[in-house]
$ cat input23.csv   # CSV, C-alpha atoms
chain,number,residue,atom,x,y,z
A,1,ASN,CA,-14.3,17.6,11.1
A,2,ALA,CA,-14.5,16.6,14.7
A,3,GLY,CA,-17.6,14.3,14.4
A,4,VAL,CA,-18.3,12.5,17.7
A,5,THR,CA,-15.8,13.2,20.5
A,6,GLN,CA,-15.6,11.2,23.7
A,7,THR,CA,-13.6,12.0,26.8
A,8,PRO,CA,-11.7,10.6,28.6
A,9,LYS,CA,-10.1,7.9,26.5
A,10,PHE,CA,-9.1,5.8,29.5
A,11,ARG,CA,-10.1,5.7,33.1
A,12,ILE,CA,-9.5,3.5,36.1
A,13,LEU,CA,-12.1,3.7,38.9
A,14,LYS,CA,-12.3,2.1,42.3
A,15,ILE,CA,-15.4,0.2,43.3
A,16,GLY,CA,-18.1,2.7,44.5
A,17,GLN,CA,-16.6,5.7,42.8
A,18,SER,CA,-18.6,7.8,40.4
A,19,MET,CA,-17.8,9.4,37.1
A,20,THR,CA,-19.3,11.0,33.9
A,21,LEU,CA,-18.3,9.9,30.4
A,22,GLN,CA,-18.6,12.9,28.1
A,23,CYS,CA,-19.8,12.8,24.5
A,24,THR,CA,-20.3,15.7,22.1
A,25,GLN,CA,-21.1,15.8,18.4
A,26,ASP,CA,-20.9,18.7,16.0
A,27,MET,CA,-23.1,17.3,13.2
A,28,ASN,CA,-26.4,18.6,14.5
A,29,HIS,CA,-27.7,15.1,14.8
A,30,ASN,CA,-30.9,14.6,16.8
A,31,TYR,CA,-30.3,11.1,17.8
A,32,MET,CA,-27.5,10.1,20.2
A,33,TYR,CA,-26.6,6.7,21.7
A,34,TRP,CA,-24.5,5.0,24.4
A,35,TYR,CA,-23.2,1.5,23.9
A,36,ARG,CA,-20.9,-0.7,25.9
A,37,GLN,CA,-18.7,-3.5,24.5
A,38,ASP,CA,-17.3,-6.3,26.6
A,39,PRO,CA,-14.2,-8.2,25.4
A,40,GLY,CA,-15.0,-10.4,22.4
A,41,MET,CA,-18.7,-9.4,22.3
A,42,GLY,CA,-20.9,-7.1,20.2
A,43,LEU,CA,-22.1,-3.7,21.3
A,44,LYS,CA,-25.0,-3.4,23.7
A,45,LEU,CA,-27.2,-0.3,23.9
A,46,ILE,CA,-27.3,1.4,27.3
A,47,TYR,CA,-29.4,4.5,26.7
A,48,TYR,CA,-30.4,6.7,23.7
A,49,SER,CA,-31.9,10.1,23.0
A,50,VAL,CA,-34.0,11.3,20.1
A,51,GLY,CA,-33.6,15.0,21.0
A,52,ALA,CA,-32.8,17.4,23.8
A,53,GLY,CA,-34.8,16.6,26.9
A,54,ILE,CA,-35.8,13.1,25.7
A,55,THR,CA,-34.0,9.9,26.7
A,56,ASP,CA,-34.9,6.2,26.7
A,57,LYS,CA,-33.5,3.0,28.1
A,58,GLY,CA,-31.7,0.5,26.0
A,59,GLU,CA,-30.9,-3.2,26.6
A,60,VAL,CA,-28.5,-2.7,29.6
A,61,PRO,CA,-29.4,0.6,31.5
A,62,ASN,CA,-28.9,-0.6,35.1
A,63,GLY,CA,-26.2,1.3,36.9
A,64,TYR,CA,-26.2,4.2,34.5
A,65,ASN,CA,-27.9,7.6,34.0
A,66,VAL,CA,-28.0,10.0,31.2
A,67,SER,CA,-29.2,13.5,30.4
A,68,ARG,CA,-29.6,15.5,27.2
A,69,SER,CA,-29.9,19.2,27.8
A,70,THR,CA,-28.4,20.2,24.4
A,71,THR,CA,-28.4,18.8,20.9
A,72,GLU,CA,-24.6,18.5,21.0
A,73,ASP,CA,-24.0,16.8,24.4
A,74,PHE,CA,-25.0,13.4,25.8
A,75,PRO,CA,-23.1,12.5,29.0
A,76,LEU,CA,-23.3,9.1,30.6
A,77,ARG,CA,-23.1,8.9,34.4
A,78,LEU,CA,-21.9,6.0,36.5
A,79,GLU,CA,-23.0,6.5,40.1
A,80,LEU,CA,-21.5,3.6,42.0
A,81,ALA,CA,-19.0,1.9,39.9
A,82,ALA,CA,-18.9,-1.9,40.0
A,83,PRO,CA,-16.4,-4.4,38.4
A,84,SER,CA,-19.2,-5.5,36.0
A,85,GLN,CA,-19.0,-2.1,34.4
A,86,THR,CA,-15.5,-2.6,33.2
A,87,SER,CA,-15.9,-2.2,29.5
A,88,VAL,CA,-15.3,0.0,26.4
A,89,TYR,CA,-18.0,2.6,26.0
A,90,PHE,CA,-19.0,4.1,22.7
A,91,CYS,CA,-21.1,7.1,22.0
A,92,ALA,CA,-22.8,7.5,18.6
A,93,SER,CA,-25.1,10.0,16.8
A,94,SER,CA,-27.3,9.9,13.7
A,95,TYR,CA,-30.0,11.7,11.8
A,96,PRO,CA,-33.5,10.2,12.4
A,97,GLY,CA,-35.3,7.9,10.0
A,98,GLY,CA,-35.1,5.8,7.0
A,99,ALA,CA,-32.0,5.8,4.8
A,100,LYS,CA,-30.5,8.6,6.9
A,101,ASN,CA,-30.0,6.5,10.0
A,102,ILE,CA,-26.3,6.1,9.6
A,103,GLN,CA,-24.7,6.1,13.0
A,104,TYR,CA,-21.3,7.8,13.6
A,105,PHE,CA,-19.2,6.6,16.5
A,106,GLY,CA,-16.7,8.1,18.8
A,107,ALA,CA,-13.3,6.5,19.5
A,108,GLY,CA,-14.5,5.0,22.8
A,109,THR,CA,-13.7,5.3,26.5
A,110,ARG,CA,-11.9,2.3,28.1
A,111,LEU,CA,-13.0,2.0,31.7
A,112,SER,CA,-11.6,-0.4,34.3
A,113,VAL,CA,-13.3,-0.7,37.7
A,114,LEU,CA,-11.0,-2.3,40.3
B,115,ASP,CA,-31.5,-10.3,19.5
B,116,ALA,CA,-29.8,-9.5,16.2
B,117,LYS,CA,-32.0,-10.4,13.2
B,118,THR,CA,-29.0,-11.6,11.1
B,119,THR,CA,-26.8,-14.6,10.9
B,120,GLN,CA,-23.1,-14.2,9.9
B,121,PRO,CA,-20.2,-16.7,9.9
B,122,PRO,CA,-18.0,-16.0,12.9
B,123,SER,CA,-14.8,-15.7,10.9
B,124,MET,CA,-13.3,-15.7,7.4
B,125,ASP,CA,-9.9,-15.4,5.8
B,126,CYS,CA,-9.1,-13.6,2.6
B,127,ALA,CA,-5.8,-13.3,0.7
B,128,GLU,CA,-4.6,-9.7,0.2
B,129,GLY,CA,-5.6,-8.3,-3.2
B,130,ARG,CA,-8.4,-10.7,-3.6
B,131,ALA,CA,-12.1,-9.9,-3.2
B,132,ALA,CA,-13.6,-10.5,0.2
B,133,ASN,CA,-17.2,-11.7,0.1
B,134,LEU,CA,-19.0,-11.6,3.4
B,135,PRO,CA,-22.4,-13.3,3.6
B,136,CYS,CA,-25.3,-12.4,5.8
B,137,ASN,CA,-28.7,-14.1,6.3
B,138,HIS,CA,-31.7,-12.1,7.3
B,139,SER,CA,-34.7,-14.3,6.4
B,140,THR,CA,-37.1,-12.4,8.6
B,141,ILE,CA,-36.5,-9.0,7.1
B,142,SER,CA,-39.5,-6.7,6.8
B,143,GLY,CA,-40.4,-4.7,3.8
B,144,ASN,CA,-39.4,-1.4,5.3
B,145,GLU,CA,-36.1,-2.6,6.8
B,146,TYR,CA,-32.7,-1.7,5.4
B,147,VAL,CA,-29.5,-3.8,5.4
B,148,TYR,CA,-26.6,-1.9,7.0
B,149,TRP,CA,-23.0,-2.9,7.1
B,150,TYR,CA,-20.5,-1.6,9.6
B,151,ARG,CA,-17.0,-2.6,10.5
B,152,GLN,CA,-14.9,-2.3,13.6
B,153,ILE,CA,-11.2,-2.2,13.3
B,154,HIS,CA,-9.4,-3.4,16.5
B,155,SER,CA,-10.8,-1.5,19.5
B,156,GLN,CA,-11.9,1.5,17.4
B,157,GLY,CA,-15.5,2.7,17.1
B,158,PRO,CA,-17.6,1.0,14.5
B,159,GLN,CA,-17.5,2.6,11.0
B,160,TYR,CA,-20.4,2.7,8.6
B,161,ILE,CA,-19.7,1.0,5.2
B,162,ILE,CA,-22.8,0.9,3.1
B,163,HIS,CA,-26.5,0.2,3.3
B,164,GLY,CA,-29.4,-0.8,0.9
B,165,LEU,CA,-33.1,-1.5,0.8
B,166,LYS,CA,-33.6,-3.8,-2.3
B,167,ASN,CA,-31.2,-2.7,-5.0
B,168,ASN,CA,-27.5,-3.4,-5.1
B,169,GLU,CA,-25.4,-0.6,-4.0
B,170,THR,CA,-21.8,0.5,-4.5
B,171,ASN,CA,-19.6,3.1,-3.0
B,172,GLU,CA,-15.9,3.9,-2.6
B,173,MET,CA,-15.5,1.3,0.1
B,174,ALA,CA,-17.6,-1.7,-1.0
B,175,SER,CA,-20.5,-3.2,-2.9
B,176,LEU,CA,-23.6,-4.6,-1.4
B,177,ILE,CA,-25.5,-7.4,-3.2
B,178,ILE,CA,-29.1,-8.1,-1.9
B,179,THR,CA,-30.9,-11.2,-3.2
B,180,GLU,CA,-34.2,-10.6,-4.9
B,181,ASP,CA,-36.2,-12.1,-2.0
B,182,ARG,CA,-34.1,-9.9,0.4
B,183,LYS,CA,-33.5,-12.8,2.7
B,184,SER,CA,-29.7,-12.6,2.3
B,185,SER,CA,-27.0,-10.2,1.2
B,186,THR,CA,-23.3,-10.1,0.5
B,187,LEU,CA,-20.8,-7.4,1.2
B,188,ILE,CA,-17.9,-7.3,-1.3
B,189,LEU,CA,-14.6,-5.7,-0.7
B,190,PRO,CA,-13.2,-5.8,-4.2
B,191,HIS,CA,-9.4,-5.8,-3.4
B,192,ALA,CA,-8.9,-6.5,0.3
B,193,THR,CA,-5.9,-5.0,2.0
B,194,LEU,CA,-4.4,-5.7,5.4
B,195,ARG,CA,-6.1,-2.6,6.7
B,196,ASP,CA,-9.5,-4.3,6.0
B,197,THR,CA,-8.9,-6.8,8.8
B,198,ALA,CA,-11.8,-6.1,11.1
B,199,VAL,CA,-15.1,-7.4,12.5
B,200,TYR,CA,-17.9,-6.8,10.0
B,201,TYR,CA,-21.4,-6.3,11.3
B,202,CYS,CA,-24.5,-6.9,9.1
B,203,ILE,CA,-27.6,-5.2,10.7
B,204,VAL,CA,-31.2,-5.1,9.6
B,205,ASP,CA,-33.2,-2.0,10.8
B,206,SER,CA,-36.1,0.2,9.8
B,207,GLY,CA,-33.9,3.3,10.2
B,208,ASN,CA,-35.9,4.6,13.1
B,209,THR,CA,-34.4,2.7,16.0
B,210,PRO,CA,-31.0,2.3,17.5
B,211,LEU,CA,-28.9,-0.4,15.7
B,212,VAL,CA,-28.6,-3.8,17.3
B,213,PHE,CA,-25.1,-5.3,16.9
B,214,GLY,CA,-24.6,-9.0,16.8
B,215,LYS,CA,-21.2,-10.7,17.0
B,216,GLY,CA,-20.4,-10.1,13.3
B,217,THR,CA,-17.8,-11.8,11.1
B,218,ARG,CA,-14.1,-11.4,12.0
B,219,LEU,CA,-12.3,-11.0,8.6
B,220,SER,CA,-8.6,-11.7,8.5
B,221,VAL,CA,-6.8,-10.5,5.4
B,222,ILE,CA,-3.6,-12.5,4.9
B,223,ALA,CA,-0.5,-11.3,3.1

$ encode --input "input23.csv" --output "structure tokens"
Amino acid sequence: NAGVTQTPKFRILKIGQSMTLQCTQDMNHNYMYWYRQDPGMGLKLIYYSVGAGITDKGEVPNGYNVSRSTTEDFPLRLELAAPSQTSVYFCASSYPGGAKNIQYFGAGTRLSVL
Amino acid sequence: DAKTTQPPSMDCAEGRAANLPCNHSTISGNEYVYWYRQIHSQGPQYIIHGLKNNETNEMASLIITEDRKSSTLILPHATLRDTAVYYCIVDSGNTPLVFGKGTRLSVIA
């Protein structure tokens, strides 16, 4: 089973460049999430979505945009890359509600902005 | 901010039980206790969760105190592959999980 798939695994960007981090899941989960993790720190929520066409900001949304046109896909867009966006990015998905809110994570995208 | 308090690090001898504590004194009646772990640079992995009863699965056991203000994750026979950061999270199940800094468990041969 594929689960949550993120591409690319690694990327180096120059300051001011743009890119899209891809995330797709094959578990028919309604909820999807983007987190970032800086070295030695916990995960911080960037954006999340409770279904196609619905997105909401998390703790650290500045500098990022998302869209959710299908249940399966939840891309994260960086418009003007800055060194502060150097991090590991994790996408996750889950069923909504109660005891079913178990989040499944992708393997991550390691991004360096130089 | 995370609603839980965990020790920053713990050591455990290989083959022994690893007992990871978590305090969540402000937990609400409808909030679950979730445990995840993150093995070096990988995505977090779900381990177990519970509401008020103790729970066991193939990976671990979760012991929740009667007042629900604290819990313990038990790995019965720790192996070197259990070396990871373990996150205790309290959540109602309807919101994105909030990750704190967790406990870094080192299993020593």

$ closest_residue --input "input23.csv" --among "B:Arg151, B:His191, B:Val204, B:Val199" --to "Leu165 of chain B" --atoms "only C-alpha atoms"
B:Val204

$ atom_distance --input "input23.csv" --atom1 "atom CA of Ala198 of chain B" --atom2 "atom CA of Val221 of chain B"
8.8 Å

$ interface_residues --input "input23.csv" --of "chain A" --to "chain B" --cutoff "9 Å" --atoms "only C-alpha atoms" --output "number ranges by chain"
A: 31-33, 40-45, 48, 58, 88, 90-92, 96-108

$ residues_around --input "input23.csv" --residues "segment 69-74 of chain A" --least-positions-apart "6" --cutoff "9 Å" --atoms "all atoms listed in the file" --output "list of chain:residue names"
A:Leu21, A:Gln22, A:Cys23, A:Thr24, A:Gln25, A:Asp26, A:Met27, A:Asn28, A:His29, A:Asn30, A:Tyr31, A:Met32, A:Tyr33, A:Trp34, A:Tyr48, A:Ser49, A:Gly51, A:Ala52, A:Gly53, A:Ile54, A:Cys91

$ write_last_selection --input "input23.csv" --atoms "C-alpha atoms" --output "mmCIF file, keeping the file's coordinate frame"
data_model
loop_
_atom_site.group_PDB
_atom_site.id
_atom_site.type_symbol
_atom_site.label_atom_id
_atom_site.label_comp_id
_atom_site.auth_asym_id
_atom_site.auth_seq_id
_atom_site.Cartn_x
_atom_site.Cartn_y
_atom_site.Cartn_z
ATOM 1 C CA LEU A 21 -18.300 9.900 30.400
ATOM 2 C CA GLN A 22 -18.600 12.900 28.100
ATOM 3 C CA CYS A 23 -19.800 12.800 24.500
ATOM 4 C CA THR A 24 -20.300 15.700 22.100
ATOM 5 C CA GLN A 25 -21.100 15.800 18.400
ATOM 6 C CA ASP A 26 -20.900 18.700 16.000
ATOM 7 C CA MET A 27 -23.100 17.300 13.200
ATOM 8 C CA ASN A 28 -26.400 18.600 14.500
ATOM 9 C CA HIS A 29 -27.700 15.100 14.800
ATOM 10 C CA ASN A 30 -30.900 14.600 16.800
ATOM 11 C CA TYR A 31 -30.300 11.100 17.800
ATOM 12 C CA MET A 32 -27.500 10.100 20.200
ATOM 13 C CA TYR A 33 -26.600 6.700 21.700
ATOM 14 C CA TRP A 34 -24.500 5.000 24.400
ATOM 15 C CA TYR A 48 -30.400 6.700 23.700
ATOM 16 C CA SER A 49 -31.900 10.100 23.000
ATOM 17 C CA GLY A 51 -33.600 15.000 21.000
ATOM 18 C CA ALA A 52 -32.800 17.400 23.800
ATOM 19 C CA GLY A 53 -34.800 16.600 26.900
ATOM 20 C CA ILE A 54 -35.800 13.100 25.700
ATOM 21 C CA CYS A 91 -21.100 7.100 22.000
#

$ atom_distance --input "input23.csv" --atom1 "atom CA of Glu180 of chain B" --atom2 "atom CA of Asn133 of chain B"
17.8 Å

$ residues_around --input "input23.csv" --residues "Thr119 of chain B" --least-positions-apart "2" --cutoff "9 Å" --atoms "all atoms listed in the file" --output "count of residues only"
10

$ axis_aligned_box --input "input23.csv" --around "segment 53-65 of chain A" --padding-each-side "5 Å" --output "AutoDock Vina command-line options"
--center_x -31.0 --center_y 6.7 --center_z 31.3 --size_x 19.6 --size_y 29.8 --size_z 21.2

$ atom_distance --input "input23.csv" --atom1 "atom CA of Ala81 of chain A" --atom2 "atom CA of Met19 of chain A"
8.1 Å

$ closest_residue --input "input23.csv" --among "A:Asn62, A:Pro83, A:Thr20, A:Arg36" --to "Pro8 of chain A" --atoms "all atoms listed in the file"
A:Thr20
